[in-house]
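Undergrad: Pasting upload13.tsv here (TSV, C-alpha atoms):
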chain	number	residue	atom	x	y	z
V	1	MET	CA	0.00	0.00	0.00
V	2	ALA	CA	1.36	3.38	-0.98
V	3	THR	CA	1.90	5.85	1.76
V	4	PHE	CA	1.34	9.57	1.77
V	5	ASN	CA	5.12	10.08	1.43
V	6	ASP	CA	5.16	7.93	-1.72
V	7	TYR	CA	2.43	10.07	-3.28
V	8	LEU	CA	4.25	13.20	-2.23
V	9	GLU	CA	7.51	12.01	-3.82
V	10	THR	CA	5.69	11.09	-7.04
V	11	PHE	CA	3.98	14.48	-7.16
V	12	LYS	CA	7.30	16.22	-6.40
V	13	GLY	CA	9.00	14.35	-9.27
V	14	MET	CA	6.24	15.31	-11.70
V	15	ALA	CA	6.42	18.95	-10.60
V	16	VAL	CA	10.20	19.05	-11.05
V	17	GLU	CA	9.94	17.44	-14.49
V	18	GLY	CA	7.23	19.92	-15.51
V	19	ALA	CA	9.32	22.85	-14.30
V	20	GLN	CA	12.36	21.61	-16.22
V	21	THR	CA	10.28	21.27	-19.37
V	22	ALA	CA	8.93	24.79	-18.90
V	23	VAL	CA	12.47	26.17	-18.46
V	24	LYS	CA	13.64	24.43	-21.66
V	25	LYS	CA	10.64	25.72	-23.62
V	26	THR	CA	11.19	29.24	-22.27
V	27	ARG	CA	14.83	29.13	-23.36
V	28	GLN	CA	13.77	27.91	-26.79
V	29	LEU	CA	11.22	30.70	-27.16
V	30	ALA	CA	13.74	33.28	-25.95
V	31	SER	CA	16.26	32.08	-28.53
V	32	VAL	CA	13.65	32.30	-31.29
V	33	ALA	CA	12.67	35.80	-30.16
V	34	LYS	CA	16.32	36.85	-30.07
V	35	ALA	CA	16.85	35.51	-33.60
V	36	ASN	CA	13.71	37.29	-34.85
V	37	LEU	CA	14.96	40.55	-33.36
V	38	ALA	CA	18.32	40.04	-35.08
V	39	ILE	CA	16.49	39.43	-38.38
V	40	ARG	CA	14.60	42.71	-37.99
V	41	THR	CA	17.89	44.51	-37.28
V	42	GLU	CA	19.48	43.03	-40.41
V	43	GLU	CA	16.43	43.96	-42.48
V	44	GLU	CA	16.73	47.55	-41.25
V	45	LYS	CA	20.42	47.57	-42.23
V	46	ILE	CA	19.43	46.39	-45.71
V	47	ARG	CA	16.78	49.08	-46.02
V	48	LYS	CA	19.21	51.83	-44.98
V	49	ALA	CA	21.91	50.57	-47.36
V	50	GLN	CA	19.43	50.43	-50.25
V	51	ILE	CA	18.42	54.01	-49.53
V	52	GLU	CA	22.06	55.09	-49.62
V	53	LEU	CA	22.60	53.19	-52.88
V	54	GLY	CA	19.62	54.96	-54.38
V	55	LYS	CA	20.98	58.33	-53.32
V	56	LEU	CA	24.36	57.54	-54.86
V	57	TYR	CA	22.81	56.34	-58.11
V	58	TYR	CA	20.57	59.38	-58.36
V	59	LYS	CA	23.52	61.70	-57.76
V	60	ASP	CA	25.43	60.00	-60.58
V	61	TYR	CA	22.35	60.13	-62.81
V	62	ILE	CA	21.76	63.86	-62.25
V	63	VAL	CA	25.34	64.89	-62.97
V	64	GLY	CA	25.64	62.41	-65.86
V	65	GLN	CA	28.50	60.54	-64.22
V	66	THR	CA	29.27	56.87	-64.81
V	67	PRO	CA	28.67	54.85	-61.61
V	68	ASP	CA	31.89	54.17	-59.70
V	69	PRO	CA	31.97	50.56	-58.44
V	70	ALA	CA	34.29	51.56	-55.59
V	71	VAL	CA	31.52	53.69	-54.13
V	72	TYR	CA	28.70	51.17	-54.70
V	73	THR	CA	30.50	47.97	-53.71
V	74	PRO	CA	30.67	48.54	-49.92
V	75	TRP	CA	26.93	49.17	-49.78
V	76	CYS	CA	26.21	46.07	-51.90
V	77	GLU	CA	28.48	43.98	-49.67
V	78	ARG	CA	26.67	45.25	-46.58
V	79	ILE	CA	23.36	44.15	-48.10
V	80	SER	CA	24.76	40.73	-49.05
V	81	GLU	CA	26.19	40.18	-45.58
V	82	SER	CA	22.87	41.05	-43.97
V	83	LYS	CA	20.99	38.69	-46.32
V	84	ILE	CA	23.37	35.86	-45.43
V	85	ALA	CA	22.92	36.57	-41.72
V	86	ILE	CA	19.13	36.53	-42.16
V	87	GLU	CA	19.24	33.16	-43.92
V	88	ASP	CA	21.47	31.73	-41.16
V	89	LEU	CA	19.06	33.02	-38.52
V	90	LYS	CA	16.05	31.55	-40.32
V	91	ILE	CA	17.77	28.17	-40.46
V	92	ALA	CA	18.57	28.40	-36.75
V	93	ILE	CA	14.93	29.24	-35.97
V	94	GLU	CA	13.72	26.25	-37.99
V	95	GLU	CA	16.17	23.99	-36.14
V	96	LEU	CA	14.96	25.33	-32.82
V	97	ARG	CA	11.33	24.76	-33.72
V	98	SER	CA	11.79	21.29	-35.22
V	99	GLN	CA	14.34	19.76	-32.87
V	100	GLY	CA	13.63	21.49	-29.61
V	101	HIS	CA	16.29	23.12	-27.53
V	102	ASP	CA	19.00	21.38	-25.56
V	103	ASP	CA	20.88	23.25	-22.82
V	104	ASP	CA	24.24	22.05	-24.10
V	105	ASP	CA	23.49	22.83	-27.76
V	106	GLU	CA	22.96	26.58	-28.16
V	107	ILE	CA	21.83	27.09	-31.74
V	108	VAL	CA	21.27	30.84	-31.73
V	109	THR	CA	24.23	32.62	-30.25
V	110	ASP	CA	24.71	36.19	-29.13
V	111	ASP	CA	26.94	36.72	-32.18
V	112	TYR	CA	23.88	37.78	-34.15
V	113	VAL	CA	22.49	40.21	-31.60
V	114	VAL	CA	24.43	43.39	-31.07
V	115	ASP	CA	23.71	46.65	-29.37
V	116	ILE	CA	22.90	48.90	-32.26
V	117	THR	CA	21.88	52.51	-32.40
V	118	GLU	CA	20.28	54.56	-35.15
V	119	ASP	CA	23.70	56.10	-35.85
V	120	ASP	CA	25.14	52.63	-36.54
V	121	LEU	CA	22.45	51.96	-39.11
V	122	VAL	CA	23.11	55.08	-41.16
V	123	THR	CA	26.89	55.09	-40.91
V	124	GLU	CA	28.62	54.57	-44.23
V	125	PRO	CA	30.85	51.55	-44.74
V	126	LYS	CA	34.44	52.37	-43.90
V	127	SER	CA	35.69	51.84	-47.45
V	128	ALA	CA	33.08	54.10	-49.07
V	129	GLU	CA	33.85	57.68	-49.92
V	130	SER	CA	31.76	60.41	-48.40
V	131	VAL	CA	29.36	61.75	-50.97
V	132	VAL	CA	27.63	65.09	-50.76
V	133	ILE	CA	24.61	65.50	-52.98
V	134	ASP	CA	24.08	69.15	-53.76
V	135	VAL	CA	22.22	69.38	-57.04
V	136	ASP	CA	19.73	72.11	-57.83
V	137	VAL	CA	17.28	70.40	-60.19
V	138	ALA	CA	15.34	73.62	-60.81
V	139	ASP	CA	18.42	75.23	-62.37
V	140	LYS	CA	18.82	72.28	-64.74
V	141	ASP	CA	15.18	72.56	-65.85
V	142	ASP	CA	15.60	76.30	-66.47
V	143	GLU	CA	18.62	75.64	-68.72
V	144	GLU	CA	16.70	73.07	-70.77
V	145	GLN	CA	13.84	75.54	-71.42
V	146	GLN	CA	16.22	78.20	-72.80
Write out the structure in this file as structure tokens.
TA:
Amino acid sequence: MATFNDYLETFKGMAVEGAQTAVKKTRQLASVAKANLAIRTEEEKIRKAQIELGKLYYKDYIVGQTPDPAVYTPWCERISESKIAIEDLKIAIEELRSQGHDDDDEIVTDDYVVDITEDDLVTEPKSAESVVIDVDVADKDDEEQQ
């Protein structure tokens, strides 16, 4: 016949197992959330780089200058790097969701999540030249009418 202490030990074991499962699931969800935040950060970097590329192209277009690959390449590389990081993060999320999360096997690392400010997002790549766009389109239109 089972005693009260036997029932208590069984209940205690089930509670501990449930708590451990909850902790593992919470860690898994936190890792997925961290990866999703990193994806959003990378997408914002892509958006900012594409805006800068557009500004550079438009400047070259207005002044009739041939695009200089040395100016465009760093921005294109930044976009490519962010796209690769996003794909890696998506794969990590899928692995987390399909396989579960093991304490000893951290799939999503802190390497993808960085403290980033708005200034970091709009800073030019180090190898790009600083470009100042100062074109008065109204003057160009006036010349064409004359």
Undergrad: If you count only C-alpha atoms, which residues fall within 12 Å of Asn36 in chain V, apart from same-chain ones fewer than 5 positions away, as an MDAnalysis selection string?
TA: chainID V and resid 29:31 41:43 85:94 108 112:113
Undergrad: Can you measure CA of Ser82 in chain V to CA of Lys59 in chain V for me? One decimal in Å is fine.
TA: 24.8 Å
Undergrad: For a quick check of understanding, using all atoms listed in the file, which of V:Ala70, V:Val16, V:Leu56, V:Ile39 has the smallest distance to Ile84 in chain V?
TA: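 The shortest atom-to-atom distance to Ile84 in chain V comes from V:Ile39.
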Undergrad: Can you tell me, as lines of an AutoDock Vina configuration file, the centre and edge lengths (Å, one decimal) of the axis-aligned box enclosing all of range 19-26 of chain V's listed atoms after padding each side by 4 Å?
TA:
center_x = 11.3
center_y = 25.3
center_z = -19.0
size_x = 12.7
size_y = 16.0
size_z = 17.3
Undergrad: In Å, how far is it from CA of Gln50 in chain V to CA of Gly64 in chain V?
TA: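 About the pair CA of Gln50 in chain V and CA of Gly64 in chain V: they are 20.6 Å apart.
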